[in-house]
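Source file input-v9.pdb; content: PDB, C-alpha atoms.
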```
MODEL        1
ATOM      1  CA  MET A 176       0.000   0.000   0.000
ATOM      2  CA  LEU A 177       1.430   3.356  -1.041
ATOM      3  CA  THR A 178      -0.315   5.642   1.431
ATOM      4  CA  LYS A 179      -3.236   5.532   3.779
ATOM      5  CA  PHE A 180      -5.120   8.661   4.660
ATOM      6  CA  GLU A 181      -8.085   9.002   6.933
ATOM      7  CA  SER A 182     -10.451  11.663   8.085
ATOM      8  CA  LYS A 183     -13.473  11.285  10.272
ATOM      9  CA  SER A 184     -16.178  11.533   7.661
ATOM     10  CA  ALA A 185     -19.302  10.000   6.268
ATOM     11  CA  ARG A 186     -18.994   6.976   3.963
ATOM     12  CA  VAL A 187     -17.098   7.458   0.712
ATOM     13  CA  LYS A 188     -19.427   6.960  -2.281
ATOM     14  CA  GLY A 189     -17.269   7.977  -5.245
ATOM     15  CA  LEU A 190     -13.601   8.431  -6.182
ATOM     16  CA  ALA A 191     -11.691   9.933  -9.091
ATOM     17  CA  PHE A 192      -8.013  10.476  -9.845
ATOM     18  CA  HIS A 193      -6.937  13.787 -11.316
ATOM     19  CA  PRO A 194      -5.444  13.142 -14.806
ATOM     20  CA  VAL A 195      -2.159  14.968 -14.014
ATOM     21  CA  ARG A 196      -1.936  16.248 -10.454
ATOM     22  CA  PRO A 197      -1.505  13.958  -7.406
ATOM     23  CA  TRP A 198      -5.120  14.471  -6.398
ATOM     24  CA  ILE A 199      -8.115  12.324  -5.593
ATOM     25  CA  ALA A 200     -11.677  13.597  -5.390
ATOM     26  CA  ALA A 201     -13.763  11.726  -2.832
ATOM     27  CA  THR A 202     -17.526  12.165  -2.636
ATOM     28  CA  LEU A 203     -19.153  11.433   0.689
ATOM     29  CA  HIS A 204     -22.473  10.248   2.051
ATOM     30  CA  ASN A 205     -22.938  13.549   3.877
ATOM     31  CA  GLY A 206     -22.862  15.577   0.647
ATOM     32  CA  VAL A 207     -19.273  16.820   0.902
ATOM     33  CA  ILE A 208     -16.744  16.484  -1.920
ATOM     34  CA  GLN A 209     -13.168  16.283  -0.626
ATOM     35  CA  LEU A 210     -10.088  17.049  -2.711
ATOM     36  CA  TRP A 211      -7.082  15.073  -1.431
ATOM     37  CA  ASP A 212      -3.407  15.401  -2.237
ATOM     38  CA  TYR A 213      -2.320  11.785  -1.939
ATOM     39  CA  ARG A 214       1.397  12.588  -1.757
ATOM     40  CA  VAL A 215       0.991  14.362   1.563
ATOM     41  CA  GLY A 216      -2.280  12.690   2.545
ATOM     42  CA  THR A 217      -4.223  15.837   3.349
ATOM     43  CA  VAL A 218      -7.503  17.399   2.273
ATOM     44  CA  ILE A 219      -6.623  20.485   0.228
ATOM     45  CA  ASP A 220     -10.189  21.598  -0.505
ATOM     46  CA  ARG A 221     -13.817  20.694   0.052
ATOM     47  CA  PHE A 222     -16.980  21.526  -1.840
ATOM     48  CA  GLU A 223     -20.296  21.577  -0.026
ATOM     49  CA  GLU A 224     -23.456  22.295  -1.977
ATOM     50  CA  HIS A 225     -25.088  18.919  -2.539
ATOM     51  CA  ASP A 226     -28.002  17.972  -0.330
ATOM     52  CA  GLY A 227     -27.417  14.330   0.605
ATOM     53  CA  PRO A 228     -25.031  11.618  -0.639
ATOM     54  CA  VAL A 229     -22.850  12.282  -3.694
ATOM     55  CA  ARG A 230     -22.184   9.082  -5.648
ATOM     56  CA  GLY A 231     -20.555  10.160  -8.910
ATOM     57  CA  VAL A 232     -17.489  12.312  -9.575
ATOM     58  CA  ASP A 233     -15.063  12.931 -12.449
ATOM     59  CA  PHE A 234     -12.257  15.331 -13.380
ATOM     60  CA  HIS A 235     -12.096  17.047 -16.760
ATOM     61  CA  LEU A 236      -8.953  16.040 -18.666
ATOM     62  CA  ILE A 237      -7.993  19.596 -19.693
ATOM     63  CA  GLN A 238     -10.021  22.276 -17.933
ATOM     64  CA  PRO A 239      -9.925  22.831 -14.126
ATOM     65  CA  LEU A 240     -13.371  21.256 -13.769
ATOM     66  CA  LEU A 241     -14.978  18.647 -11.565
ATOM     67  CA  VAL A 242     -18.425  17.135 -12.153
ATOM     68  CA  SER A 243     -20.506  15.542  -9.397
ATOM     69  CA  GLY A 244     -23.895  13.836  -9.236
ATOM     70  CA  GLY A 245     -25.918  13.236  -6.095
ATOM     71  CA  ASP A 246     -29.019  11.922  -4.413
ATOM     72  CA  ASP A 247     -30.469  15.448  -4.664
ATOM     73  CA  TYR A 248     -31.023  14.710  -8.413
ATOM     74  CA  LYS A 249     -28.468  17.431  -9.248
ATOM     75  CA  ILE A 250     -25.370  17.399 -11.418
ATOM     76  CA  LYS A 251     -22.925  20.128 -10.408
ATOM     77  CA  VAL A 252     -19.935  21.400 -12.377
ATOM     78  CA  TRP A 253     -17.214  22.917 -10.205
ATOM     79  CA  ASP A 254     -14.175  25.034 -11.046
ATOM     80  CA  TYR A 255     -11.542  23.918  -8.546
ATOM     81  CA  LYS A 256      -9.302  26.892  -9.368
ATOM     82  CA  LEU A 257     -12.091  29.354  -8.615
ATOM     83  CA  ARG A 258     -13.137  26.995  -5.806
ATOM     84  CA  ARG A 259     -16.848  27.212  -6.515
ATOM     85  CA  CYS A 260     -19.776  25.574  -8.282
ATOM     86  CA  LEU A 261     -20.210  27.107 -11.740
ATOM     87  CA  PHE A 262     -23.693  25.737 -12.439
ATOM     88  CA  THR A 263     -26.148  22.935 -11.775
ATOM     89  CA  LEU A 264     -27.715  20.673 -14.426
ATOM     90  CA  LEU A 265     -31.300  19.726 -13.609
ATOM     91  CA  GLY A 266     -33.443  17.076 -15.257
ATOM     92  CA  HIS A 267     -32.949  13.733 -13.547
ATOM     93  CA  LEU A 268     -35.883  12.636 -11.404
ATOM     94  CA  ASP A 269     -34.050  10.329  -8.984
ATOM     95  CA  TYR A 270     -30.619   9.603  -7.492
ATOM     96  CA  ILE A 271     -27.648  10.031  -9.842
ATOM     97  CA  ARG A 272     -25.261   7.066  -9.778
ATOM     98  CA  THR A 273     -22.372   8.019 -12.072
ATOM     99  CA  VAL A 274     -21.146  11.069 -13.993
ATOM    100  CA  GLN A 275     -18.361  11.263 -16.561
ATOM    101  CA  PHE A 276     -16.787  13.855 -18.837
ATOM    102  CA  HIS A 277     -16.238  12.718 -22.418
ATOM    103  CA  PRO A 278     -12.729  11.186 -22.730
ATOM    104  CA  ASN A 279     -12.091  13.152 -25.943
ATOM    105  CA  ALA A 280     -12.139  16.345 -23.903
ATOM    106  CA  SER A 281     -10.785  18.668 -26.592
ATOM    107  CA  GLN A 282     -13.543  17.779 -29.078
ATOM    108  CA  PHE A 283     -16.595  17.075 -26.900
ATOM    109  CA  SER A 284     -17.990  19.218 -24.074
ATOM    110  CA  TRP A 285     -20.198  16.312 -23.004
ATOM    111  CA  ILE A 286     -21.144  14.880 -19.635
ATOM    112  CA  LEU A 287     -22.768  11.447 -19.283
ATOM    113  CA  SER A 288     -24.951  10.651 -16.276
ATOM    114  CA  ALA A 289     -26.788   7.535 -15.070
ATOM    115  CA  SER A 290     -29.734   7.666 -12.703
ATOM    116  CA  ASP A 291     -32.265   5.687 -10.701
ATOM    117  CA  ASP A 292     -34.920   7.387 -12.867
ATOM    118  CA  GLN A 293     -34.078   4.589 -15.386
ATOM    119  CA  THR A 294     -32.422   6.955 -17.882
ATOM    120  CA  LEU A 295     -29.015   8.074 -18.979
ATOM    121  CA  ARG A 296     -28.541  11.677 -20.010
ATOM    122  CA  LEU A 297     -26.012  13.420 -22.201
ATOM    123  CA  TRP A 298     -25.295  17.063 -21.393
ATOM    124  CA  ASP A 299     -23.324  19.832 -23.076
ATOM    125  CA  PHE A 300     -21.623  21.599 -20.180
ATOM    126  CA  GLU A 301     -20.590  24.580 -22.319
ATOM    127  CA  LYS A 302     -24.187  25.221 -23.384
ATOM    128  CA  ARG A 303     -25.402  23.994 -19.990
ATOM    129  CA  SER A 304     -28.146  21.972 -21.655
ATOM    130  CA  CYS A 305     -29.352  18.391 -22.005
ATOM    131  CA  LEU A 306     -28.481  16.941 -25.411
ATOM    132  CA  SER A 307     -30.244  13.599 -25.163
ATOM    133  CA  VAL A 308     -32.250  11.398 -22.805
ATOM    134  CA  LEU A 309     -31.447   7.703 -23.268
ATOM    135  CA  THR A 310     -34.480   5.610 -22.376
ATOM    136  CA  GLY A 311     -34.840   1.846 -22.520
ATOM    137  CA  HIS A 312     -33.754   0.449 -19.162
ATOM    138  CA  ASN A 313     -36.666  -0.449 -16.893
ATOM    139  CA  HIS A 314     -34.907  -0.281 -13.530
ATOM    140  CA  TYR A 315     -32.184   1.855 -11.900
ATOM    141  CA  VAL A 316     -29.210   2.587 -14.162
ATOM    142  CA  MET A 317     -26.250   1.860 -11.891
ATOM    143  CA  SER A 318     -23.384   2.935 -14.135
ATOM    144  CA  ALA A 319     -22.679   4.447 -17.531
ATOM    145  CA  SER A 320     -19.420   5.236 -19.312
ATOM    146  CA  PHE A 321     -18.125   6.456 -22.650
ATOM    147  CA  HIS A 322     -16.016   4.267 -24.895
ATOM    148  CA  PRO A 323     -12.423   5.605 -24.832
ATOM    149  CA  SER A 324     -12.324   6.156 -28.612
ATOM    150  CA  ASP A 325     -15.545   5.059 -30.378
ATOM    151  CA  ASP A 326     -19.014   6.658 -30.505
ATOM    152  CA  LEU A 327     -20.341   4.238 -27.889
ATOM    153  CA  ILE A 328     -21.706   4.245 -24.344
ATOM    154  CA  VAL A 329     -22.154   1.229 -22.057
ATOM    155  CA  SER A 330     -24.683   1.148 -19.223
ATOM    156  CA  ALA A 331     -25.559  -1.356 -16.501
ATOM    157  CA  SER A 332     -28.949  -1.632 -14.845
ATOM    158  CA  LEU A 333     -30.816  -3.522 -12.158
ATOM    159  CA  ASP A 334     -33.109  -4.678 -15.004
ATOM    160  CA  GLN A 335     -30.408  -7.384 -15.426
ATOM    161  CA  THR A 336     -29.142  -6.030 -18.745
ATOM    162  CA  VAL A 337     -26.112  -4.223 -20.087
ATOM    163  CA  ARG A 338     -26.837  -1.855 -22.963
ATOM    164  CA  VAL A 339     -24.492  -0.461 -25.573
ATOM    165  CA  TRP A 340     -25.596   2.823 -27.161
ATOM    166  CA  ASP A 341     -24.403   4.378 -30.431
ATOM    167  CA  THR A 342     -23.895   8.155 -30.271
ATOM    168  CA  THR A 343     -22.799   8.620 -33.913
ATOM    169  CA  GLY A 344     -26.020  10.460 -34.816
ATOM    170  CA  LEU A 345     -25.633  12.923 -31.954
ATOM    171  CA  ARG A 346     -21.976  13.560 -32.764
ATOM    172  CA  LYS A 347     -22.778  14.288 -36.410
ATOM    173  CA  LYS A 348     -25.626  16.586 -35.436
ATOM    174  CA  GLN A 349     -23.448  18.466 -32.947
ATOM    175  CA  GLN A 350     -20.555  18.780 -35.387
ATOM    176  CA  GLY A 351     -23.001  19.924 -38.029
ATOM    177  CA  GLY A 352     -23.562  22.946 -35.833
ATOM    178  CA  GLY A 353     -27.219  22.214 -35.188
ATOM    179  CA  ASP A 354     -28.480  23.863 -32.055
ATOM    180  CA  ASP A 355     -31.630  21.784 -31.809
ATOM    181  CA  VAL A 356     -31.643  19.973 -28.491
ATOM    182  CA  SER A 357     -34.891  18.109 -29.071
ATOM    183  CA  GLY A 358     -33.417  15.511 -31.392
ATOM    184  CA  LEU A 359     -36.455  15.892 -33.601
ATOM    185  CA  SER A 360     -34.922  17.770 -36.532
ATOM    186  CA  GLY A 361     -36.072  21.177 -35.350
ATOM    187  CA  ILE A 362     -39.549  21.081 -36.859
ATOM    188  CA  SER A 363     -42.260  22.148 -34.457
ATOM    189  CA  PHE A 364     -46.001  22.509 -34.786
ATOM    190  CA  SER A 365     -47.944  25.352 -33.263
ATOM    191  CA  ILE A 366     -51.640  26.087 -33.445
ATOM    192  CA  GLY A 367     -52.273  29.582 -34.769
ATOM    193  CA  PRO A 368     -55.064  31.885 -33.567
ATOM    194  CA  ASP A 369     -57.098  30.800 -36.575
ATOM    195  CA  GLY A 370     -56.931  27.185 -35.402
ATOM    196  CA  ASN A 371     -54.634  26.141 -38.258
ATOM    197  CA  ARG A 372     -51.449  24.247 -37.554
ATOM    198  CA  SER A 373     -48.292  25.843 -38.909
ATOM    199  CA  ASN A 374     -44.909  24.211 -39.375
ATOM    200  CA  GLU A 375     -42.072  26.266 -37.966
ATOM    201  CA  GLN A 376     -38.396  25.578 -38.368
ATOM    202  CA  GLY A 377     -35.764  25.773 -35.699
ATOM    203  CA  PRO A 378     -35.525  25.672 -31.949
ATOM    204  CA  GLY A 379     -36.661  29.264 -31.598
ATOM    205  CA  ALA A 380     -40.137  28.381 -32.832
ATOM    206  CA  PRO A 381     -42.948  28.614 -30.272
ATOM    207  CA  GLY A 382     -43.552  24.864 -30.400
ATOM    208  CA  ALA A 383     -39.934  23.987 -29.709
ATOM    209  CA  ALA A 384     -40.605  23.806 -25.984
ATOM    210  CA  GLY A 385     -43.227  21.198 -26.748
ATOM    211  CA  MET A 386     -40.701  19.250 -28.767
ATOM    212  CA  ASN A 387     -38.223  19.468 -25.916
ATOM    213  CA  MET A 388     -40.953  18.130 -23.669
ATOM    214  CA  HIS A 389     -41.340  15.267 -26.148
ATOM    215  CA  ALA A 390     -37.584  14.666 -25.880
ATOM    216  CA  GLU A 391     -37.854  14.723 -22.084
ATOM    217  CA  LEU A 392     -40.613  12.123 -22.067
ATOM    218  CA  PHE A 393     -39.649   9.805 -24.894
ATOM    219  CA  GLY A 394     -35.935  10.323 -25.418
ATOM    220  CA  THR A 395     -34.388  11.331 -28.692
ATOM    221  CA  ASN A 396     -33.332   9.491 -31.817
ATOM    222  CA  ASP A 397     -29.766  10.856 -31.841
ATOM    223  CA  VAL A 398     -28.579   7.989 -29.657
ATOM    224  CA  VAL A 399     -29.725   4.457 -30.472
ATOM    225  CA  VAL A 400     -29.371   1.156 -28.655
ATOM    226  CA  LYS A 401     -26.826  -0.987 -30.470
ATOM    227  CA  TYR A 402     -26.863  -4.088 -28.256
ATOM    228  CA  VAL A 403     -28.745  -5.386 -25.244
ATOM    229  CA  LEU A 404     -26.573  -7.896 -23.363
ATOM    230  CA  GLU A 405     -28.641 -10.433 -21.457
ATOM    231  CA  GLY A 406     -27.176 -13.184 -19.297
ATOM    232  CA  HIS A 407     -26.996 -11.974 -15.716
ATOM    233  CA  ASP A 408     -29.649 -13.443 -13.388
ATOM    234  CA  ARG A 409     -29.756 -10.433 -11.071
ATOM    235  CA  GLY A 410     -29.283  -6.682 -11.330
ATOM    236  CA  VAL A 411     -26.084  -5.471 -13.002
ATOM    237  CA  ASN A 412     -24.106  -2.925 -10.982
ATOM    238  CA  TRP A 413     -21.285  -2.036 -13.346
ATOM    239  CA  ALA A 414     -20.151  -2.351 -16.950
ATOM    240  CA  ALA A 415     -16.921  -1.163 -18.557
ATOM    241  CA  PHE A 416     -15.317  -1.134 -21.993
ATOM    242  CA  HIS A 417     -11.861  -2.540 -22.627
ATOM    243  CA  PRO A 418      -9.491   0.366 -23.473
ATOM    244  CA  THR A 419      -8.433  -1.078 -26.846
ATOM    245  CA  LEU A 420     -10.184  -4.410 -27.574
ATOM    246  CA  PRO A 421     -13.898  -4.857 -28.486
ATOM    247  CA  LEU A 422     -14.681  -6.271 -25.056
ATOM    248  CA  ILE A 423     -17.007  -5.393 -22.176
ATOM    249  CA  THR A 424     -16.939  -6.640 -18.597
ATOM    250  CA  SER A 425     -19.919  -6.497 -16.234
ATOM    251  CA  ALA A 426     -20.497  -7.125 -12.526
ATOM    252  CA  ALA A 427     -23.819  -8.114 -10.991
ATOM    253  CA  ASP A 428     -25.796  -9.162  -7.935
ATOM    254  CA  ASP A 429     -25.733 -12.767  -9.239
ATOM    255  CA  ARG A 430     -22.135 -12.813  -7.862
ATOM    256  CA  GLN A 431     -20.757 -13.122 -11.364
ATOM    257  CA  VAL A 432     -18.429 -11.096 -13.540
ATOM    258  CA  LYS A 433     -19.077 -11.577 -17.241
ATOM    259  CA  LEU A 434     -16.941 -10.949 -20.303
ATOM    260  CA  TRP A 435     -18.627  -9.927 -23.571
ATOM    261  CA  ARG A 436     -17.298  -9.410 -27.088
ATOM    262  CA  MET A 437     -18.638  -6.998 -29.710
ATOM    263  CA  SER A 438     -18.540  -7.050 -33.490
ATOM    264  CA  GLU A 439     -20.014  -4.441 -35.833
ATOM    265  CA  THR A 440     -23.312  -6.314 -35.911
ATOM    266  CA  LYS A 441     -23.694  -8.229 -32.657
ATOM    267  CA  ALA A 442     -22.409  -8.763 -29.123
ATOM    268  CA  TRP A 443     -22.203 -12.027 -27.204
ATOM    269  CA  GLU A 444     -21.110 -13.508 -23.904
ATOM    270  CA  VAL A 445     -17.589 -14.941 -23.936
ATOM    271  CA  ASP A 446     -17.032 -16.049 -20.354
ATOM    272  CA  THR A 447     -18.456 -16.019 -16.843
ATOM    273  CA  LEU A 448     -16.031 -15.430 -13.986
ATOM    274  CA  ARG A 449     -17.169 -16.994 -10.715
ATOM    275  CA  GLY A 450     -15.621 -16.759  -7.281
ATOM    276  CA  HIS A 451     -17.309 -13.882  -5.486
ATOM    277  CA  ALA A 452     -19.385 -14.988  -2.503
ATOM    278  CA  ASN A 453     -21.650 -11.958  -2.649
ATOM    279  CA  ASN A 454     -22.882  -9.143  -4.910
ATOM    280  CA  VAL A 455     -20.223  -7.690  -7.225
ATOM    281  CA  SER A 456     -20.396  -3.913  -7.282
ATOM    282  CA  CYS A 457     -17.685  -2.974  -9.767
ATOM    283  CA  CYS A 458     -15.263  -4.332 -12.381
ATOM    284  CA  LEU A 459     -12.550  -2.873 -14.624
ATOM    285  CA  PHE A 460     -10.086  -4.003 -17.270
ATOM    286  CA  HIS A 461      -6.372  -3.529 -16.688
ATOM    287  CA  PRO A 462      -5.186  -0.957 -19.283
ATOM    288  CA  LYS A 463      -2.317  -3.133 -20.571
ATOM    289  CA  GLN A 464      -2.480  -6.691 -19.198
ATOM    290  CA  ASP A 465      -5.145  -9.353 -19.712
ATOM    291  CA  LEU A 466      -6.660  -8.760 -16.296
ATOM    292  CA  ILE A 467     -10.027  -7.822 -14.847
ATOM    293  CA  VAL A 468     -10.316  -6.475 -11.301
ATOM    294  CA  SER A 469     -13.663  -6.773  -9.495
TER     295      SER A 469
ENDMDL
END
```
Here is a file; write its structure as structure tokens.
Amino acid sequence: MLTKFESKSARVKGLAFHPVRPWIAATLHNGVIQLWDYRVGTVIDRFEEHDGPVRGVDFHLIQPLLVSGGDDYKIKVWDYKLRRCLFTLLGHLDYIRTVQFHPNASQFSWILSASDDQTLRLWDFEKRSCLSVLTGHNHYVMSASFHPSDDLIVSASLDQTVRVWDTTGLRKKQQGGGDDVSGLSGISFSIGPDGNRSNEQGPGAPGAAGMNMHAELFGTNDVVVKYVLEGHDRGVNWAAFHPTLPLITSAADDRQVKLWRMSETKAWEVDTLRGHANNVSCCLFHPKQDLIVS
């Protein structure tokens, strides 16, 4: 063990390494986010705005930003240089389990969140808006993460499935410069005073709010489900992509860790790893060796 550092605190719910500095962000059950320097083993800052446990945390790879998601249904983006919360993203209707900045930080100003409201959400933190609501799971979504290089997201849910989502459509729409957040091509209908329905283009149209409401309720078509991985007998707590190979690992309440392989057209179970005597809450691939830690 390299170092051990302790402080009298509530339970730790989330952890994240800083990409460059010797820092760890720890989110606590009492709503506090602690910033640790692990070389000296001391808390160098703390952020207190969440109301209740904070489960998800992530550092931005380039900017001095931290994102957190909590049981107060709020996602907060913090500037740790300015030492304050910049803004709050609202929309989730239940506890938020995980949050992540897009790994291609120079090209995408995206945040991914997973929630007990059975959805994943994609946010643009520069526009401070929701880009897409990913619906399909029918129980809590316990984790969600971006693929390190492809236009893919993996999510794990207590509905006993792992889902892989394709974000190519959203990327192309965003890069095309479209500002329409509804995912419904920017056409809205509004009823005129004469009772006739008129088509109006663009998000500024009066009916655009209605279209955004449609996006809120039914999700958008910018992100599509590519695969649904079925095989676990209980809820799935975690799923992760391999950094370079077309593989996924998942961990579940059936005490199993599973290994899955993807092709362009399908995904299938490769192996089941048994040995845990109780629920498995997390699993990750080693970045270089043929190892899974759970």
Chain and number of each residue from the PyMOL selection byres ((chain A and resi 467) around 12), as number ranges by chain: A: 414-418, 422-426, 432-434, 447-448, 457-466, 468-469
Store the residues of this selection in a file with C-alpha atoms, as a tab-separated table (two decimals), in the frame of the given file.
```
chain	number	residue	atom	x	y	z
A	414	ALA	CA	-20.15	-2.35	-16.95
A	415	ALA	CA	-16.92	-1.16	-18.56
A	416	PHE	CA	-15.32	-1.13	-21.99
A	417	HIS	CA	-11.86	-2.54	-22.63
A	418	PRO	CA	-9.49	0.37	-23.47
A	422	LEU	CA	-14.68	-6.27	-25.06
A	423	ILE	CA	-17.01	-5.39	-22.18
A	424	THR	CA	-16.94	-6.64	-18.60
A	425	SER	CA	-19.92	-6.50	-16.23
A	426	ALA	CA	-20.50	-7.12	-12.53
A	432	VAL	CA	-18.43	-11.10	-13.54
A	433	LYS	CA	-19.08	-11.58	-17.24
A	434	LEU	CA	-16.94	-10.95	-20.30
A	447	THR	CA	-18.46	-16.02	-16.84
A	448	LEU	CA	-16.03	-15.43	-13.99
A	457	CYS	CA	-17.68	-2.97	-9.77
A	458	CYS	CA	-15.26	-4.33	-12.38
A	459	LEU	CA	-12.55	-2.87	-14.62
A	460	PHE	CA	-10.09	-4.00	-17.27
A	461	HIS	CA	-6.37	-3.53	-16.69
A	462	PRO	CA	-5.19	-0.96	-19.28
A	463	LYS	CA	-2.32	-3.13	-20.57
A	464	GLN	CA	-2.48	-6.69	-19.20
A	465	ASP	CA	-5.14	-9.35	-19.71
A	466	LEU	CA	-6.66	-8.76	-16.30
A	468	VAL	CA	-10.32	-6.48	-11.30
A	469	SER	CA	-13.66	-6.77	-9.49
```
Taking the file as shown, what set of residues would the PyMOL selection byres ((chain A and resi 301-316) around 6) give back, as a PyMOL selection string? chain A and resi 289-291+293-300+317-318+331-334+356+394-395
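Distance-wise, atom CA of Arg230 of chain A and atom CA of Gln282 of chain A end up 26.4 Å apart.
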Residue by residue, what does the PyMOL selection byres ((chain A and resi 275) around 7) grab here? Present the result as a ChimeraX atom specification. /A:233,273-274,276-277,286-288,320
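Every residue within 8 Å of the file position (-28.3, -1.7, -22.2), judged by all atoms listed in the file, is given as Gly311, His312, Val329, Ser330, Ala331, Ser332, Thr336, Val337, Arg338, Val339, Trp340, Val400, Tyr402, Val403 and Leu404 of chain A.
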Could you please determine the separation between atom CA of Met437 of chain A and atom CA of Leu420 of chain A in Å, to one decimal place? 9.1 Å
Pick from A:Gln350, A:Thr419, A:Ser456, A:Gln209, whichever lies nearest to Arg258 of chain A using only C-alpha atoms: A:Gln209
Counting all atoms listed in the file, the residue of A:Pro228, A:Gly344, A:Gly216, A:Gly406 that sits nearest Lys188 of chain A: A:Pro228
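Of the residues under consideration (A:Pro323, A:Gly189, A:Gly450, A:Pro194), A:Pro194 shows the shortest atom-to-atom contact distance to Gln238 of chain A when counting only C-alpha atoms.
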Name the closest residue to Ile219 of chain A among the candidates A:Ser284, A:Ala201, A:Lys179, A:Lys441; distances are taken between atoms, counting all atoms listed in the file. A:Ala201
Nearest to Lys256 of chain A, restricted to all atoms listed in the file and choosing among A:Val229, A:Asp325, A:Ile271, A:Pro239, comes out as A:Pro239
Interatomic distance between atom CA of His225 of chain A and atom CA of Phe283 of chain A? 25.9 Å
